[in-house]
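Below: one structure, written as structure tokens.
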Amino acid sequence: MIGVRVIQKVSSTPGFAKVAPHVIPALDRAVHRLTRGKVLLSARLLPGVILTSTGARTGQPRRTPLACMPEEGGASWILVGSNFGRTGHPAWTANLLAHPDATISWKGLDIPVTARLLEGDERAAVWKAALAFWPPYAAYQARVEREIRLFRIARAERR
């Protein structure tokens with residue numbers, strides 16, 4: 001699809017990385033709230049969730065709209081800590097490292113999840129799949145020295 005290729009090309013640019021983090025999440029949060037969790041604007045292009053995690057330093061709930069890569073028929077999702085190819089890791093990744101239990105809003109449903117940072121061969125395999133899913137991740141990684149964090153979030157075990 002030509003529109004997707006154009007968007008991928010634009011989203012790979014440093015200019016997009018400067019503007020998008022200030023615009024896209026704010027729009028996503030507003031539309032998500034106005035539609036009572038049924039619409040996420042960025043999900044028109046990529047699947048998306050609203051992640052509610054616990055702040056690593058504050059302990060306060062933090063809501064972050066994120067693109068995701070669904071897995072295994074809805075039992076788990078991959079989150080990519082690309083931060084649009086900016087220097088630092090996004091704050092939500094530190095939150096999940098400190099507090100792996102979280103909630104996602106997925107297609108209007110609130111789902112308790114547990115996050116796990118992927119490493120080694122497992123990370124390499126998922127990174128390859130992520131690049132096939134959204135090629136601009138390669139441009140994001142090329143701009144930064146840090147290794148982009150990948151998390152698998154899975155439905156939490158019922159207790």
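Letters for chains follow the order of the structure tokens (A, B, ...), residue numbers begin at 1 for each chain, and ligand numbers begin at 1 in the order shown.
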Sorted by chain and rising residue number, which residues of segment 55-106 of chain A lie within 12 Å of segment 145-149 of chain A, and what are their closest atom pairs and distances in Å to one decimal, counting only C-alpha atoms, as a Markdown table?
| residue | atom | partner | partner_atom | distance |
| --- | --- | --- | --- | --- |
| A:Ile78 | CA | A:Arg149 | CA | 10.4 |
| A:Leu79 | CA | A:Arg149 | CA | 8.4 |
| A:Val80 | CA | A:Arg149 | CA | 6.2 |
| A:Gly81 | CA | A:Arg149 | CA | 5.0 |
| A:Ser82 | CA | A:Ile148 | CA | 5.6 |
| A:Asn83 | CA | A:Ile148 | CA | 8.5 |
| A:Phe84 | CA | A:Ile148 | CA | 10.3 |
| A:Gly85 | CA | A:Ile148 | CA | 8.8 |
| A:Arg86 | CA | A:Arg146 | CA | 9.8 |
| A:Thr87 | CA | A:Arg146 | CA | 7.5 |
| A:Gly88 | CA | A:Arg146 | CA | 7.7 |
| A:His89 | CA | A:Ile148 | CA | 7.4 |
| A:Pro90 | CA | A:Arg149 | CA | 9.2 |
| A:Ala91 | CA | A:Arg149 | CA | 11.4 |
| A:Trp92 | CA | A:Arg149 | CA | 10.7 |
| A:Thr93 | CA | A:Arg149 | CA | 7.4 |
| A:Ala94 | CA | A:Arg149 | CA | 9.9 |
| A:Leu96 | CA | A:Arg149 | CA | 10.9 |
| A:Leu97 | CA | A:Arg149 | CA | 10.4 |
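Counting only C-alpha atoms, the residue from A:Ala139, A:Ala102, A:Leu118, A:Ala130 that sits nearest to Gly55 of chain A is A:Ala102.
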(request) Report the residues of segment 25-149 of chain A whose backbone DSSP state falls under strand (DSSP E), written as a PyMOL selection string. (result) chain A and resi 48-54+61-67+69-71+76-81+101-106+109-117+149
(request) Tell me which of A:Pro135, A:Val49, A:Ala67, A:Arg29 sits closest to Ser105 of chain A, counting only C-alpha atoms. (result)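 Ranking A:Pro135, A:Val49, A:Ala67, A:Arg29 by distance to Ser105 of chain A, first place goes to A:Val49.
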(request) Would you list the contacts of Asn95 of chain A as a PyMOL selection string, taking every protein, DNA or RNA residue within 9 Å and counting only C-alpha atoms, but skipping same-chain residues closer than 5 positions in sequence? (result) chain A and resi 53-57+59+62+100
(request) Take atom CA of Ala156 of chain A and atom CA of Lys128 of chain A and report the distance between them in Å, one decimal. (result) 25.7 Å
(request) Using only C-alpha atoms, determine which residues lie at most 7 Å from Leu117 of chain A, disregarding the query and same-chain residues fewer than 5 positions distant; provide the list as a list in words. (result)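 Non-adjacent residues within range: Leu150, Phe151 and Arg152 of chain A.
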(message) Between atom CA of Leu46 of chain A and atom CA of Trp134 of chain A, what is the distance in Å, rounded to a tenth?
(response)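 Rounded to one decimal, the two atoms are 8.5 Å apart.
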(request) Mind giving me the straight-line distance from atom CA of Gln141 of chain A to atom CA of Val113 of chain A in Å, one decimal? (result)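 Atom CA of Gln141 of chain A sits 26.4 Å away from atom CA of Val113 of chain A.
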(request) Would you list, as a ChimeraX atom specification, the residues of segment 10-148 of chain A that end up in alpha helix (DSSP H) under DSSP run on this structure's backbone? (result) /A:10-11,14-34,91-98,120-133,136-143
(request) Using only C-alpha atoms, determine which residues lie at most 8 Å from Thr52 of chain A, disregarding the query and same-chain residues fewer than 3 positions distant; provide the list as an MDAnalysis selection string. (result) chainID A and resid 61:64 102:104
Please save N, CA, C and O atoms of the selected residues as a compact mmCIF listing (two decimals), in the first residue's frame.
# COMPACT_ATOMS: atom_id res chain seq x y z
N PRO A 61 0.02 6.06 38.68
CA PRO A 61 -0.37 5.47 37.39
C PRO A 61 0.04 6.38 36.23
O PRO A 61 -0.12 7.59 36.31
N ARG A 62 0.56 5.78 35.18
CA ARG A 62 0.98 6.50 33.97
C ARG A 62 0.32 5.86 32.76
O ARG A 62 0.46 4.65 32.55
N ARG A 63 -0.40 6.66 31.98
CA ARG A 63 -1.09 6.15 30.78
C ARG A 63 -0.31 6.58 29.55
O ARG A 63 -0.07 7.76 29.35
N THR A 64 0.06 5.59 28.73
CA THR A 64 0.88 5.85 27.56
C THR A 64 0.30 5.14 26.35
O THR A 64 0.19 3.91 26.36
N ALA A 102 0.86 -4.43 34.94
CA ALA A 102 0.26 -3.24 34.33
C ALA A 102 -1.11 -3.61 33.77
O ALA A 102 -1.58 -4.74 33.95
N THR A 103 -1.71 -2.66 33.09
CA THR A 103 -2.99 -2.88 32.41
C THR A 103 -2.88 -2.27 31.03
O THR A 103 -2.22 -1.24 30.86
N ILE A 104 -3.52 -2.90 30.05
CA ILE A 104 -3.62 -2.29 28.74
C ILE A 104 -5.09 -2.13 28.39
O ILE A 104 -5.94 -2.90 28.84
(message) Quick one: residues within 12 Å of Glu157 of chain A, only C-alpha atoms, excluding same-chain residues fewer than 4 positions away - as a ChimeraX atom specification?
(response) /A:75,101,111-115,153
